[in-house]
file structure_9.tsv (TSV, C-alpha atoms)
chain	number	residue	atom	x	y	z
A	352	MET	CA	-54.10	47.76	-9.98
A	353	ASP	CA	-52.90	44.18	-10.62
A	354	ASN	CA	-50.12	43.22	-13.03
A	355	SER	CA	-52.42	42.66	-16.01
A	356	ASP	CA	-54.03	46.08	-15.60
A	357	PHE	CA	-50.63	47.69	-15.22
A	358	LEU	CA	-49.26	46.02	-18.35
A	359	LYS	CA	-52.36	46.91	-20.33
A	360	ALA	CA	-52.01	50.56	-19.29
A	361	LEU	CA	-48.30	50.44	-20.13
A	362	TYR	CA	-48.90	49.06	-23.62
A	363	GLN	CA	-51.64	51.61	-24.29
A	364	LYS	CA	-49.37	54.44	-23.20
A	365	ALA	CA	-46.49	53.12	-25.30
A	366	HIS	CA	-48.79	52.83	-28.32
A	367	ALA	CA	-50.01	56.39	-27.90
A	368	LEU	CA	-46.43	57.66	-27.62
A	369	ARG	CA	-45.07	55.32	-30.33
A	370	ALA	CA	-42.42	54.15	-27.86
A	371	PRO	CA	-40.39	51.14	-29.14
A	372	ILE	CA	-40.71	49.19	-25.91
A	373	PHE	CA	-39.99	45.89	-27.71
A	374	ALA	CA	-36.88	45.66	-29.89
A	375	SER	CA	-35.03	42.74	-31.41
A	376	ILE	CA	-31.44	42.86	-32.58
A	377	GLU	CA	-29.88	40.43	-35.02
A	378	LEU	CA	-26.30	40.56	-33.80
A	379	SER	CA	-25.09	38.41	-36.68
A	380	LYS	CA	-26.45	36.48	-39.62
A	381	ARG	CA	-23.61	34.01	-39.11
A	382	CYS	CA	-24.26	30.72	-37.38
A	383	ASN	CA	-22.17	27.68	-36.55
A	384	LEU	CA	-25.11	25.47	-37.59
A	385	HIS	CA	-26.74	25.13	-40.99
A	386	CYS	CA	-30.39	24.45	-40.21
A	387	ARG	CA	-32.43	23.32	-43.19
A	388	HIS	CA	-35.39	25.54	-42.31
A	389	CYS	CA	-33.51	28.76	-41.46
A	390	TYR	CA	-34.89	31.87	-43.16
A	391	LEU	CA	-31.51	33.65	-42.90
A	392	GLN	CA	-29.33	31.06	-44.63
A	393	GLU	CA	-26.62	32.38	-46.96
A	394	LEU	CA	-27.22	36.04	-46.07
A	395	ALA	CA	-24.03	36.69	-44.09
A	396	GLY	CA	-22.43	40.06	-44.78
A	397	ILE	CA	-21.34	43.30	-43.15
A	398	GLU	CA	-21.90	43.53	-39.40
A	399	ILE	CA	-22.00	46.57	-37.13
A	400	ASP	CA	-18.95	46.82	-34.88
A	401	THR	CA	-19.03	46.92	-31.10
A	402	SER	CA	-19.15	50.71	-30.73
A	403	GLY	CA	-21.93	50.88	-33.29
A	404	TRP	CA	-24.08	48.47	-31.31
A	405	VAL	CA	-23.39	50.35	-28.09
A	406	THR	CA	-24.59	53.58	-29.71
A	407	ILE	CA	-27.74	51.85	-31.00
A	408	LEU	CA	-28.47	50.35	-27.59
A	409	GLN	CA	-28.18	53.75	-25.94
A	410	SER	CA	-30.54	55.22	-28.55
A	411	LEU	CA	-33.07	52.44	-27.99
A	412	GLU	CA	-33.02	52.98	-24.23
A	413	LYS	CA	-33.43	56.72	-24.67
A	414	ALA	CA	-36.40	56.13	-26.99
A	415	GLY	CA	-38.17	54.05	-24.33
A	416	CYS	CA	-37.16	50.46	-25.07
A	417	LEU	CA	-37.85	48.08	-22.19
A	418	HIS	CA	-37.47	44.58	-23.61
A	419	LEU	CA	-34.59	43.64	-25.90
A	420	LEU	CA	-34.17	40.35	-27.75
A	421	LEU	CA	-30.67	39.37	-28.88
A	422	THR	CA	-30.87	36.87	-31.69
A	423	GLY	CA	-29.17	35.88	-34.95
A	424	GLY	CA	-28.01	33.79	-36.74
A	425	GLU	CA	-26.32	32.77	-33.54
A	426	PRO	CA	-25.72	35.81	-31.28
A	427	LEU	CA	-22.98	34.06	-29.28
A	428	ILE	CA	-20.86	33.71	-32.43
A	429	ARG	CA	-19.70	37.31	-31.97
A	430	ALA	CA	-16.49	37.71	-30.01
A	431	ASP	CA	-17.88	40.91	-28.46
A	432	PHE	CA	-21.17	39.39	-27.29
A	433	ASP	CA	-20.21	39.96	-23.66
A	434	THR	CA	-19.60	43.68	-24.26
A	435	ILE	CA	-22.87	44.19	-26.13
A	436	TYR	CA	-24.88	42.12	-23.65
A	437	THR	CA	-23.34	43.88	-20.67
A	438	GLU	CA	-24.15	47.31	-22.11
A	439	ALA	CA	-27.77	46.32	-22.70
A	440	CYS	CA	-28.09	45.13	-19.10
A	441	ARG	CA	-26.28	48.19	-17.76
A	442	LEU	CA	-28.89	50.35	-19.49
A	443	GLY	CA	-31.61	48.55	-17.53
A	444	LEU	CA	-33.14	46.66	-20.47
A	445	LEU	CA	-34.84	43.30	-19.96
A	446	VAL	CA	-32.64	41.18	-22.19
A	447	SER	CA	-33.69	37.87	-23.73
A	448	VAL	CA	-31.30	35.67	-25.70
A	449	PHE	CA	-32.27	33.19	-28.43
A	450	THR	CA	-29.47	30.68	-28.99
A	451	ASN	CA	-28.71	27.14	-30.12
A	452	ALA	CA	-26.58	26.86	-26.93
A	453	THR	CA	-23.65	25.09	-28.62
A	454	LEU	CA	-21.41	28.12	-28.03
A	455	ILE	CA	-22.28	28.55	-24.35
A	456	THR	CA	-18.97	28.44	-22.48
A	457	SER	CA	-18.01	28.88	-18.85
A	458	SER	CA	-17.32	32.56	-19.53
A	459	VAL	CA	-20.82	33.00	-20.98
A	460	ILE	CA	-22.31	31.36	-17.90
A	461	ARG	CA	-20.30	33.69	-15.66
A	462	LEU	CA	-21.58	36.62	-17.71
A	463	PHE	CA	-25.17	35.48	-17.17
A	464	GLU	CA	-24.48	35.07	-13.45
A	465	ARG	CA	-23.24	38.66	-13.29
A	466	TYR	CA	-26.13	40.00	-15.36
A	467	PRO	CA	-29.04	37.52	-15.32
A	468	PRO	CA	-31.00	37.53	-18.59
A	469	TYR	CA	-34.75	38.03	-18.60
A	470	GLU	CA	-35.07	34.82	-20.63
A	471	ILE	CA	-32.83	32.30	-22.36
A	472	GLU	CA	-34.57	30.38	-25.12
A	473	ILE	CA	-32.76	27.45	-26.69
A	474	THR	CA	-33.75	25.72	-29.91
A	475	ILE	CA	-34.02	21.95	-29.94
A	476	LEU	CA	-34.99	20.25	-33.21
A	477	GLY	CA	-35.39	16.62	-32.23
A	478	ALA	CA	-35.59	14.27	-29.27
A	479	GLN	CA	-32.84	12.10	-30.72
A	480	PRO	CA	-29.35	13.10	-31.85
A	481	ALA	CA	-29.81	11.74	-35.37
A	482	THR	CA	-32.95	13.84	-35.96
A	483	HIS	CA	-31.63	17.06	-34.44
A	484	ASP	CA	-28.23	16.82	-36.15
A	485	ALA	CA	-29.78	16.03	-39.53
A	486	ILE	CA	-31.76	19.27	-39.36
A	487	THR	CA	-28.90	21.43	-38.04
A	488	GLY	CA	-26.40	19.93	-40.49
A	489	MET	CA	-23.86	19.62	-37.68
A	490	PRO	CA	-22.95	16.22	-36.17
A	491	GLY	CA	-22.74	16.42	-32.40
A	492	SER	CA	-24.92	19.52	-32.11
A	493	PHE	CA	-27.65	17.71	-30.15
A	494	THR	CA	-25.17	16.50	-27.51
A	495	ALA	CA	-23.55	19.94	-27.31
A	496	THR	CA	-26.93	21.63	-26.80
A	497	ILE	CA	-28.11	19.22	-24.10
A	498	GLN	CA	-24.80	19.48	-22.26
A	499	ALA	CA	-25.01	23.29	-22.36
A	500	ILE	CA	-28.57	23.20	-20.98
A	501	GLN	CA	-27.50	20.96	-18.12
A	502	LYS	CA	-24.47	23.13	-17.38
A	503	MET	CA	-26.64	26.25	-17.33
A	504	GLN	CA	-29.02	24.61	-14.90
A	505	ARG	CA	-26.22	23.48	-12.60
A	506	HIS	CA	-25.36	27.15	-12.27
A	507	GLY	CA	-28.95	28.08	-11.44
A	508	HIS	CA	-30.07	29.42	-14.82
A	509	MET	CA	-33.59	28.59	-15.95
A	510	VAL	CA	-33.94	28.08	-19.68
A	511	ASN	CA	-36.85	27.54	-22.04
A	512	LEU	CA	-36.79	25.21	-25.01
A	513	LYS	CA	-38.54	25.76	-28.31
A	514	THR	CA	-38.83	23.77	-31.50
A	515	ILE	CA	-40.03	24.26	-35.05
A	516	VAL	CA	-42.16	21.29	-36.05
A	517	MET	CA	-41.56	19.99	-39.57
A	518	HIS	CA	-41.55	16.73	-41.51
A	519	PRO	CA	-38.26	15.41	-40.11
A	520	ASN	CA	-39.26	15.84	-36.45
A	521	TRP	CA	-43.05	16.17	-36.13
A	522	ASN	CA	-43.43	12.64	-34.76
A	523	GLN	CA	-41.01	13.50	-31.95
A	524	LEU	CA	-42.86	16.53	-30.58
A	525	HIS	CA	-44.24	14.59	-27.62
A	526	LEU	CA	-40.78	13.26	-26.85
A	527	MET	CA	-39.29	16.75	-27.04
A	528	ARG	CA	-41.94	18.06	-24.67
A	529	GLU	CA	-41.23	15.22	-22.25
A	530	MET	CA	-37.49	15.82	-22.54
A	531	ALA	CA	-38.01	19.48	-21.67
A	532	HIS	CA	-40.06	18.44	-18.65
A	533	GLN	CA	-37.36	16.04	-17.48
A	534	LEU	CA	-34.74	18.76	-17.90
A	535	GLY	CA	-36.91	21.18	-15.91
A	536	CYS	CA	-37.31	23.57	-18.85
A	537	GLY	CA	-40.27	25.43	-20.25
A	538	PHE	CA	-41.30	24.35	-23.74
A	539	ARG	CA	-43.10	25.77	-26.74
A	540	PHE	CA	-43.45	24.79	-30.37
A	541	ASP	CA	-44.40	26.38	-33.65
A	542	THR	CA	-45.33	24.81	-36.97
A	543	ALA	CA	-44.59	27.90	-39.05
A	544	VAL	CA	-41.74	27.35	-41.50
A	545	PHE	CA	-41.07	30.43	-43.61
A	546	SER	CA	-39.44	31.16	-46.94
A	547	ARG	CA	-35.99	32.68	-46.68
A	548	LEU	CA	-35.55	36.43	-46.67
A	549	ASN	CA	-33.63	36.18	-49.95
A	550	GLY	CA	-36.76	34.79	-51.64
A	551	ASP	CA	-35.76	31.10	-51.52
A	552	SER	CA	-38.89	29.04	-50.85
A	553	THR	CA	-37.01	25.75	-50.25
A	554	PRO	CA	-37.88	25.62	-46.50
A	555	GLN	CA	-41.57	25.36	-47.40
A	556	LYS	CA	-40.93	21.75	-48.45
A	557	LEU	CA	-40.30	20.93	-44.78
A	558	ARG	CA	-43.78	21.98	-43.65
A	559	ILE	CA	-46.15	19.49	-42.14
A	560	THR	CA	-49.72	19.52	-43.46
A	561	THR	CA	-52.28	22.01	-42.22
A	562	ARG	CA	-54.24	19.13	-40.66
A	563	GLN	CA	-51.17	17.85	-38.82
A	564	SER	CA	-50.53	21.38	-37.59
A	565	LEU	CA	-54.09	21.67	-36.28
A	566	ASP	CA	-53.93	18.28	-34.55
A	567	LEU	CA	-50.77	19.32	-32.70
A	568	ASP	CA	-52.40	22.62	-31.74
A	569	LEU	CA	-55.44	20.89	-30.30
A	570	GLU	CA	-53.27	18.61	-28.17
A	571	ASP	CA	-51.77	21.66	-26.47
A	572	GLN	CA	-54.31	22.62	-23.80
A	573	PRO	CA	-52.79	26.02	-22.87
A	574	ARG	CA	-52.87	26.97	-26.55
A	575	VAL	CA	-56.51	25.96	-26.87
A	576	GLU	CA	-57.40	27.96	-23.75
A	577	SER	CA	-55.71	31.03	-25.20
A	578	TRP	CA	-57.82	30.66	-28.36
A	579	LEU	CA	-61.02	30.45	-26.34
A	580	ASN	CA	-60.01	33.56	-24.42
A	581	ARG	CA	-59.46	35.39	-27.69
A	582	CYS	CA	-63.08	34.65	-28.57
A	583	THR	CA	-64.13	36.86	-25.68
A	584	LEU	CA	-61.56	39.57	-26.27
A	585	GLY	CA	-62.17	39.71	-30.02
A	586	LEU	CA	-60.04	41.48	-32.61
A	587	PRO	CA	-58.47	44.90	-32.27
A	588	PRO	CA	-60.87	47.50	-33.71
A	589	SER	CA	-58.28	48.41	-36.36
A	590	SER	CA	-58.44	44.90	-37.85
A	591	ASP	CA	-61.78	45.71	-39.45
A	592	SER	CA	-60.28	48.52	-41.50
A	593	SER	CA	-56.53	47.98	-41.62
A	594	LEU	CA	-54.20	45.27	-42.85
A	595	TYR	CA	-51.77	46.27	-40.11
A	596	ALA	CA	-53.38	45.59	-36.75
A	597	CYS	CA	-50.07	44.74	-35.08
A	598	ALA	CA	-47.45	46.74	-33.19
A	599	ALA	CA	-44.86	46.80	-36.01
A	600	GLY	CA	-43.36	50.25	-36.34
A	601	VAL	CA	-45.36	51.48	-33.36
A	602	THR	CA	-44.08	49.73	-30.25
A	603	LYS	CA	-41.91	47.10	-31.95
A	604	CYS	CA	-38.86	47.26	-34.19
A	605	HIS	CA	-36.04	45.07	-35.44
A	606	ILE	CA	-32.45	45.88	-36.33
A	607	SER	CA	-30.44	43.67	-38.67
A	608	ALA	CA	-26.77	42.80	-38.33
A	609	ASP	CA	-25.77	45.43	-40.88
A	610	GLY	CA	-27.68	48.19	-39.09
A	611	LYS	CA	-30.91	48.38	-41.07
A	612	LEU	CA	-34.05	49.28	-39.10
A	613	TYR	CA	-37.21	47.26	-39.81
A	614	PRO	CA	-40.79	47.39	-38.47
A	615	CYS	CA	-40.49	43.78	-37.24
A	616	ILE	CA	-38.24	40.76	-37.40
A	617	LEU	CA	-39.87	39.25	-40.53
A	618	SER	CA	-40.36	42.47	-42.46
A	619	THR	CA	-38.25	43.04	-45.57
A	620	HIS	CA	-39.12	46.76	-45.68
A	621	SER	CA	-36.08	48.72	-44.51
A	622	LEU	CA	-36.85	51.98	-42.73
A	623	GLY	CA	-33.27	53.20	-43.10
A	624	ASP	CA	-29.65	52.63	-42.19
A	625	LEU	CA	-28.63	53.24	-38.58
A	626	THR	CA	-24.98	53.49	-39.56
A	627	VAL	CA	-25.88	56.65	-41.47
A	628	VAL	CA	-28.96	58.11	-39.77
A	629	SER	CA	-29.79	58.21	-36.05
A	630	PHE	CA	-32.41	55.92	-34.53
A	631	ASP	CA	-34.46	58.91	-33.39
A	632	GLU	CA	-34.72	60.28	-36.91
A	633	LEU	CA	-35.58	56.95	-38.51
A	634	TRP	CA	-38.09	56.04	-35.80
A	635	ASN	CA	-39.82	59.40	-35.52
A	636	HIS	CA	-39.88	60.14	-39.25
A	637	ASN	CA	-39.42	57.12	-41.52
A	638	ALA	CA	-41.19	54.62	-39.29
A	639	ARG	CA	-44.06	57.01	-38.63
A	640	ILE	CA	-44.59	57.70	-42.33
A	641	TRP	CA	-44.32	53.99	-43.18
A	642	ARG	CA	-46.96	53.12	-40.60
A	643	GLN	CA	-49.31	55.87	-41.77
A	644	LYS	CA	-49.11	54.46	-45.30
A	645	ALA	CA	-49.23	50.82	-44.18
A	646	VAL	CA	-52.54	51.16	-42.34
A	647	LYS	CA	-54.13	52.46	-45.55
A	648	ILE	CA	-53.08	49.48	-47.69
A	649	ARG	CA	-56.07	47.68	-49.20
A	650	PRO	CA	-57.86	45.71	-50.46
A	651	SER	CA	-56.99	42.47	-48.69
A	652	PRO	CA	-59.05	39.44	-47.65
A	653	CYS	CA	-57.31	39.72	-44.25
A	654	ILE	CA	-59.01	43.04	-43.45
A	655	GLY	CA	-62.07	42.38	-41.33
A	656	CYS	CA	-61.53	38.60	-41.35
A	657	PRO	CA	-62.43	37.33	-37.85
A	658	ALA	CA	-60.20	34.28	-38.36
A	659	ARG	CA	-57.24	36.66	-38.01
A	660	LEU	CA	-57.50	35.89	-34.30
A	661	TYR	CA	-56.01	32.47	-34.99
A	662	CYS	CA	-54.18	32.96	-38.28
A	663	PRO	CA	-50.36	32.72	-38.23
A	664	ALA	CA	-50.10	34.98	-41.30
A	665	CYS	CA	-49.39	38.71	-41.16
A	666	PRO	CA	-48.52	41.37	-43.74
A	667	ALA	CA	-44.77	40.66	-43.40
A	668	ILE	CA	-45.32	36.93	-43.95
A	669	ASN	CA	-47.67	37.68	-46.83
A	670	LYS	CA	-44.93	39.74	-48.53
A	671	LEU	CA	-42.32	37.09	-47.86
A	672	GLU	CA	-44.43	34.24	-49.21
A	673	CYS	CA	-46.54	35.87	-51.93
A	674	GLY	CA	-44.62	39.03	-52.81
A	675	ASP	CA	-47.59	41.17	-51.74
A	676	GLU	CA	-48.43	42.08	-48.14
A	677	ARG	CA	-52.14	42.06	-49.02
A	678	ILE	CA	-52.23	38.42	-50.13
A	679	PRO	CA	-52.20	35.72	-47.40
A	680	PRO	CA	-50.44	32.42	-48.19
A	681	ASP	CA	-52.90	29.55	-48.63
A	682	PHE	CA	-51.01	27.44	-46.08
A	683	PHE	CA	-51.39	29.91	-43.22
A	684	CYS	CA	-54.85	31.04	-44.26
A	685	THR	CA	-56.07	27.44	-44.17
A	686	ILE	CA	-54.59	26.93	-40.70
A	687	GLY	CA	-56.43	30.02	-39.43
A	688	LYS	CA	-59.76	28.80	-40.76
A	689	LEU	CA	-59.24	25.26	-39.47
A	690	ARG	CA	-58.49	26.65	-36.04
A	691	ALA	CA	-61.66	28.76	-36.08
A	692	SER	CA	-63.77	25.78	-37.08
A	693	SER	CA	-62.22	23.63	-34.38
A	694	ILE	CA	-62.87	26.26	-31.76
A	695	GLU	CA	-66.53	26.23	-32.73
A	696	ASN	CA	-66.63	22.49	-32.11
A	697	LEU	CA	-64.93	22.90	-28.76
A	698	LEU	CA	-67.30	25.68	-27.79
A	699	GLN	CA	-70.39	23.73	-28.81
A	700	LYS	CA	-69.14	20.77	-26.78
A	701	SER	CA	-68.61	23.02	-23.78
A	702	ILE	CA	-72.11	24.48	-24.15
A	703	GLY	CA	-73.52	20.97	-24.46
A	704	GLN	CA	-71.95	20.13	-21.14
A	705	GLY	CA	-73.77	23.01	-19.50
A	706	HIS	CA	-71.08	25.69	-19.63
A	707	ASP	CA	-72.32	29.13	-20.65
A	708	HIS	CA	-70.04	31.12	-22.98
A	709	PRO	CA	-72.32	33.62	-24.77
A	710	GLU	CA	-69.53	36.02	-25.76
A	711	LYS	CA	-67.42	33.22	-27.22
A	712	GLU	CA	-70.38	31.69	-29.03
A	713	THR	CA	-71.19	35.04	-30.65
A	714	ARG	CA	-67.58	35.49	-31.72
A	715	ILE	CA	-67.41	32.01	-33.27
A	716	GLN	CA	-70.58	32.61	-35.27
A	717	GLU	CA	-69.00	35.81	-36.65
A	718	ILE	CA	-65.92	33.86	-37.69
A	719	LEU	CA	-67.89	31.24	-39.56
A	720	ALA	CA	-70.38	33.65	-41.15
call {"tool": "encode", "arguments": {"input": "structure_9.tsv", "output": "C-alpha cells"}}
result
Amino acid sequence: MDNSDFLKALYQKAHALRAPIFASIELSKRCNLHCRHCYLQELAGIEIDTSGWVTILQSLEKAGCLHLLLTGGEPLIRADFDTIYTEACRLGLLVSVFTNATLITSSVIRLFERYPPYEIEITILGAQPATHDAITGMPGSFTATIQAIQKMQRHGHMVNLKTIVMHPNWNQLHLMREMAHQLGCGFRFDTAVFSRLNGDSTPQKLRITTRQSLDLDLEDQPRVESWLNRCTLGLPPSSDSSLYACAAGVTKCHISADGKLYPCILSTHSLGDLTVVSFDELWNHNARIWRQKAVKIRPSPCIGCPARLYCPACPAINKLECGDERIPPDFFCTIGKLRASSIENLLQKSIGQGHDHPEKETRIQEILA
C-alpha cells in the first residue's frame, strides 16, 4: 500500500468513526496588525486561559485528532503560546502554525527547534513594503515579516508563504511568487475575500473581478492540473443529494478563542461551549445531530451542481455572505462556472492535440449540461 492508498483508507476510517482528525484552534482574535480584508476584525473578547486550552488539546487527542492548526488573529500574540504549542506537540499532534511572522522572536525559533512544526505558513500581502503595509495597516510590517522569514531559514526552518489576492496587490502576484522562490519558500494564493463574521461586508470591496480571478487561476499550472484530475475523480456521491458534501462536523472542527466549538473555521453555527461542556459530549451529541440535520437541508442550486468541483463557495460561506446556507453568493458561483467552462476549453485543446481523456470529457459535458 503506497502513501495515497494509506491516506485514503485513513480518511475513510475516520469518516466512518466520525473522528475529528483535523482541528483548527483560534488561540486569539487579537492581532498586532489591522488587515483591511480580515474577517475577524473588531471581534476581540474573552479568551480561554492556558489550562483550558491544555484540557481541550488533551480531549482532541483522545478523540482521534491527528492534525492541529494554530491560528488567530495572530496566535503568537499570546504570552502562553509556547506552553500551548508544547502541549500539542507532546501529545503527538502534527501542528501547523499560521502567522504574520512579525512576532517571531529568538525564543519562538528555539521553541520550533525543540518541537519542529508540521508546517509554518506566513502571510505576505505585497511584494513591496508600501503595498503590504497599506493592507496590514502597520508601517514596517513587511520588513519585519521578511526578516523573520530569513531568520527562520538561517535556523533551518522551512516556511511556506501565502497571499490573499485583492485590488491593492493583484498586480504584484507574480512578484510575490518570485520573491517566495528567491527566499526558498513554498507559495500559494487565494482570491477569496470574505465578509466578516460580524456581518460586515466591507472586505468584499477589495475583491478582484471574477475574470481576473480566473486568469490568475489559469496561470497556475499545478492548480489547473488539480482541476483536470478532479474531472476524473468526480464529485462525492453525497453532493447529488446533500448541501453538505464536506467533512465539517465529521472529521473536521474548529474552536474559537472563547471556547466555542464549530463545524469548520468559517461556520457561524456554534455547537456549544467547551468551557461548560466537554468536547466528547459536544462532538458525539451536538455535532452529530447538527450534521444529521445539515445533510437534509434543501432546496439549493448547489445540490447536484457539477461545478461544485471548482466552486469556492460552501454552505458556511453561503451563510456568511447571503444569510442562508442554501444560497450561493453570485461572486463565487460565477467563479465556479467560469472555471468549469475554461476546463472544457483546456480539455478540448488537449483532445485536439491527440491526448485521450474520455473520463474528463464526460465529466465536463455533465458540468456544462
call {"tool": "closest_residue", "arguments": {"input": "structure_9.tsv", "among": "A:His508, A:Ile473, A:Asp484, A:Gly396", "to": "Phe538 in chain A", "atoms": "only C-alpha atoms"}}
result
A:Ile473
call {"tool": "closest_residue", "arguments": {"input": "structure_9.tsv", "among": "A:Ile559, A:Leu594, A:Ile616, A:Met517", "to": "Ile678 in chain A", "atoms": "only C-alpha atoms"}}
result
A:Leu594
call {"tool": "closest_residue", "arguments": {"input": "structure_9.tsv", "among": "A:Phe540, A:Trp404, A:Ile654, A:Ile497", "to": "Gln523 in chain A", "atoms": "only C-alpha atoms"}}
result
A:Phe540
call {"tool": "residues_near_point", "arguments": {"input": "structure_9.tsv", "point": "(-34.0, 44.3, -34.4)", "cutoff": "10 Å", "atoms": "all atoms listed in the file", "output": "ChimeraX atom specification"}}
result
/A:373-378,419-423,603-608,610-617
call {"tool": "closest_residue", "arguments": {"input": "structure_9.tsv", "among": "A:Pro657, A:Gly674, A:Gly477, A:Pro666", "to": "Glu529 in chain A", "atoms": "all atoms listed in the file"}}
result
A:Gly477
call {"tool": "atom_distance", "arguments": {"input": "structure_9.tsv", "atom1": "CA of Val544 in chain A", "atom2": "CA of Arg528 in chain A"}}
result
19.2 Å
call {"tool": "residues_around", "arguments": {"input": "structure_9.tsv", "residues": "Leu427 in chain A", "least_positions_apart": "2", "cutoff": "12 Å", "atoms": "all atoms listed in the file", "output": "compact mmCIF listing (two decimals) with C-alpha atoms, keeping the file's coordinate frame"}}
result
# COMPACT_ATOMS: atom_id res chain seq x y z
CA GLU A 377 -29.88 40.43 -35.02
CA LEU A 378 -26.30 40.56 -33.80
CA SER A 379 -25.09 38.41 -36.68
CA LYS A 380 -26.45 36.48 -39.62
CA ARG A 381 -23.61 34.01 -39.11
CA CYS A 382 -24.26 30.72 -37.38
CA ASN A 383 -22.17 27.68 -36.55
CA LEU A 421 -30.67 39.37 -28.88
CA THR A 422 -30.87 36.87 -31.69
CA GLY A 423 -29.17 35.88 -34.95
CA GLY A 424 -28.01 33.79 -36.74
CA GLU A 425 -26.32 32.77 -33.54
CA ARG A 429 -19.70 37.31 -31.97
CA ALA A 430 -16.49 37.71 -30.01
CA ASP A 431 -17.88 40.91 -28.46
CA PHE A 432 -21.17 39.39 -27.29
CA ASP A 433 -20.21 39.96 -23.66
CA THR A 434 -19.60 43.68 -24.26
CA ILE A 435 -22.87 44.19 -26.13
CA TYR A 436 -24.88 42.12 -23.65
CA VAL A 448 -31.30 35.67 -25.70
CA PHE A 449 -32.27 33.19 -28.43
CA THR A 450 -29.47 30.68 -28.99
CA ASN A 451 -28.71 27.14 -30.12
CA ALA A 452 -26.58 26.86 -26.93
CA THR A 453 -23.65 25.09 -28.62
CA LEU A 454 -21.41 28.12 -28.03
CA ILE A 455 -22.28 28.55 -24.35
CA THR A 456 -18.97 28.44 -22.48
CA SER A 458 -17.32 32.56 -19.53
CA VAL A 459 -20.82 33.00 -20.98
CA ILE A 460 -22.31 31.36 -17.90
CA LEU A 462 -21.58 36.62 -17.71
call {"tool": "atom_distance", "arguments": {"input": "structure_9.tsv", "atom1": "CA of Leu445 in chain A", "atom2": "CA of Lys359 in chain A"}}
result
17.9 Å
call {"tool": "closest_residue", "arguments": {"input": "structure_9.tsv", "among": "A:Leu417, A:Ala531, A:Leu512, A:Cys684", "to": "Cys653 in chain A", "atoms": "all atoms listed in the file"}}
result
A:Cys684
call {"tool": "build_atoms", "arguments": {"input": "structure_9.tsv", "residues": "range 416-428 of chain A", "atoms": "N, CA, C and O atoms", "output": "mmCIF file, in the frame of the given file"}}
result
data_model
loop_
_atom_site.group_PDB
_atom_site.id
_atom_site.type_symbol
_atom_site.label_atom_id
_atom_site.label_comp_id
_atom_site.auth_asym_id
_atom_site.auth_seq_id
_atom_site.Cartn_x
_atom_site.Cartn_y
_atom_site.Cartn_z
ATOM 1 N N CYS A 416 -37.187 51.925 -24.988
ATOM 2 C CA CYS A 416 -37.160 50.460 -25.070
ATOM 3 C C CYS A 416 -37.078 49.858 -23.669
ATOM 4 O O CYS A 416 -36.317 50.322 -22.821
ATOM 5 N N LEU A 417 -37.849 48.802 -23.458
ATOM 6 C CA LEU A 417 -37.850 48.080 -22.190
ATOM 7 C C LEU A 417 -37.345 46.654 -22.337
ATOM 8 O O LEU A 417 -36.600 46.156 -21.509
ATOM 9 N N HIS A 418 -37.779 45.997 -23.416
ATOM 10 C CA HIS A 418 -37.470 44.580 -23.610
ATOM 11 C C HIS A 418 -36.666 44.420 -24.896
ATOM 12 O O HIS A 418 -37.117 44.803 -25.969
ATOM 13 N N LEU A 419 -35.483 43.826 -24.760
ATOM 14 C CA LEU A 419 -34.590 43.640 -25.900
ATOM 15 C C LEU A 419 -34.326 42.159 -26.127
ATOM 16 O O LEU A 419 -33.964 41.427 -25.199
ATOM 17 N N LEU A 420 -34.498 41.714 -27.365
ATOM 18 C CA LEU A 420 -34.170 40.350 -27.750
ATOM 19 C C LEU A 420 -32.879 40.361 -28.557
ATOM 20 O O LEU A 420 -32.763 41.076 -29.548
ATOM 21 N N LEU A 421 -31.902 39.558 -28.131
ATOM 22 C CA LEU A 421 -30.670 39.370 -28.880
ATOM 23 C C LEU A 421 -30.750 38.030 -29.592
ATOM 24 O O LEU A 421 -30.888 36.983 -28.962
ATOM 25 N N THR A 422 -30.689 38.079 -30.912
ATOM 26 C CA THR A 422 -30.870 36.870 -31.690
ATOM 27 C C THR A 422 -29.879 36.863 -32.849
ATOM 28 O O THR A 422 -28.943 37.655 -32.891
ATOM 29 N N GLY A 423 -30.067 35.979 -33.806
ATOM 30 C CA GLY A 423 -29.170 35.880 -34.950
ATOM 31 C C GLY A 423 -29.918 35.313 -36.135
ATOM 32 O O GLY A 423 -31.134 35.524 -36.242
ATOM 33 N N GLY A 424 -29.219 34.554 -36.968
ATOM 34 C CA GLY A 424 -28.010 33.790 -36.740
ATOM 35 C C GLY A 424 -27.880 33.267 -35.319
ATOM 36 O O GLY A 424 -28.834 32.983 -34.644
ATOM 37 N N GLU A 425 -26.631 33.161 -34.905
ATOM 38 C CA GLU A 425 -26.320 32.770 -33.540
ATOM 39 C C GLU A 425 -25.622 33.946 -32.856
ATOM 40 O O GLU A 425 -24.493 34.289 -33.205
ATOM 41 N N PRO A 426 -26.290 34.605 -31.894
ATOM 42 C CA PRO A 426 -25.720 35.810 -31.280
ATOM 43 C C PRO A 426 -24.388 35.560 -30.576
ATOM 44 O O PRO A 426 -23.522 36.437 -30.544
ATOM 45 N N LEU A 427 -24.202 34.345 -30.025
ATOM 46 C CA LEU A 427 -22.980 34.060 -29.280
ATOM 47 C C LEU A 427 -21.770 33.859 -30.195
ATOM 48 O O LEU A 427 -20.642 33.716 -29.711
ATOM 49 N N ILE A 428 -21.979 33.891 -31.503
ATOM 50 C CA ILE A 428 -20.860 33.710 -32.430
ATOM 51 C C ILE A 428 -19.965 34.942 -32.465
ATOM 52 O O ILE A 428 -18.811 34.876 -32.887
#
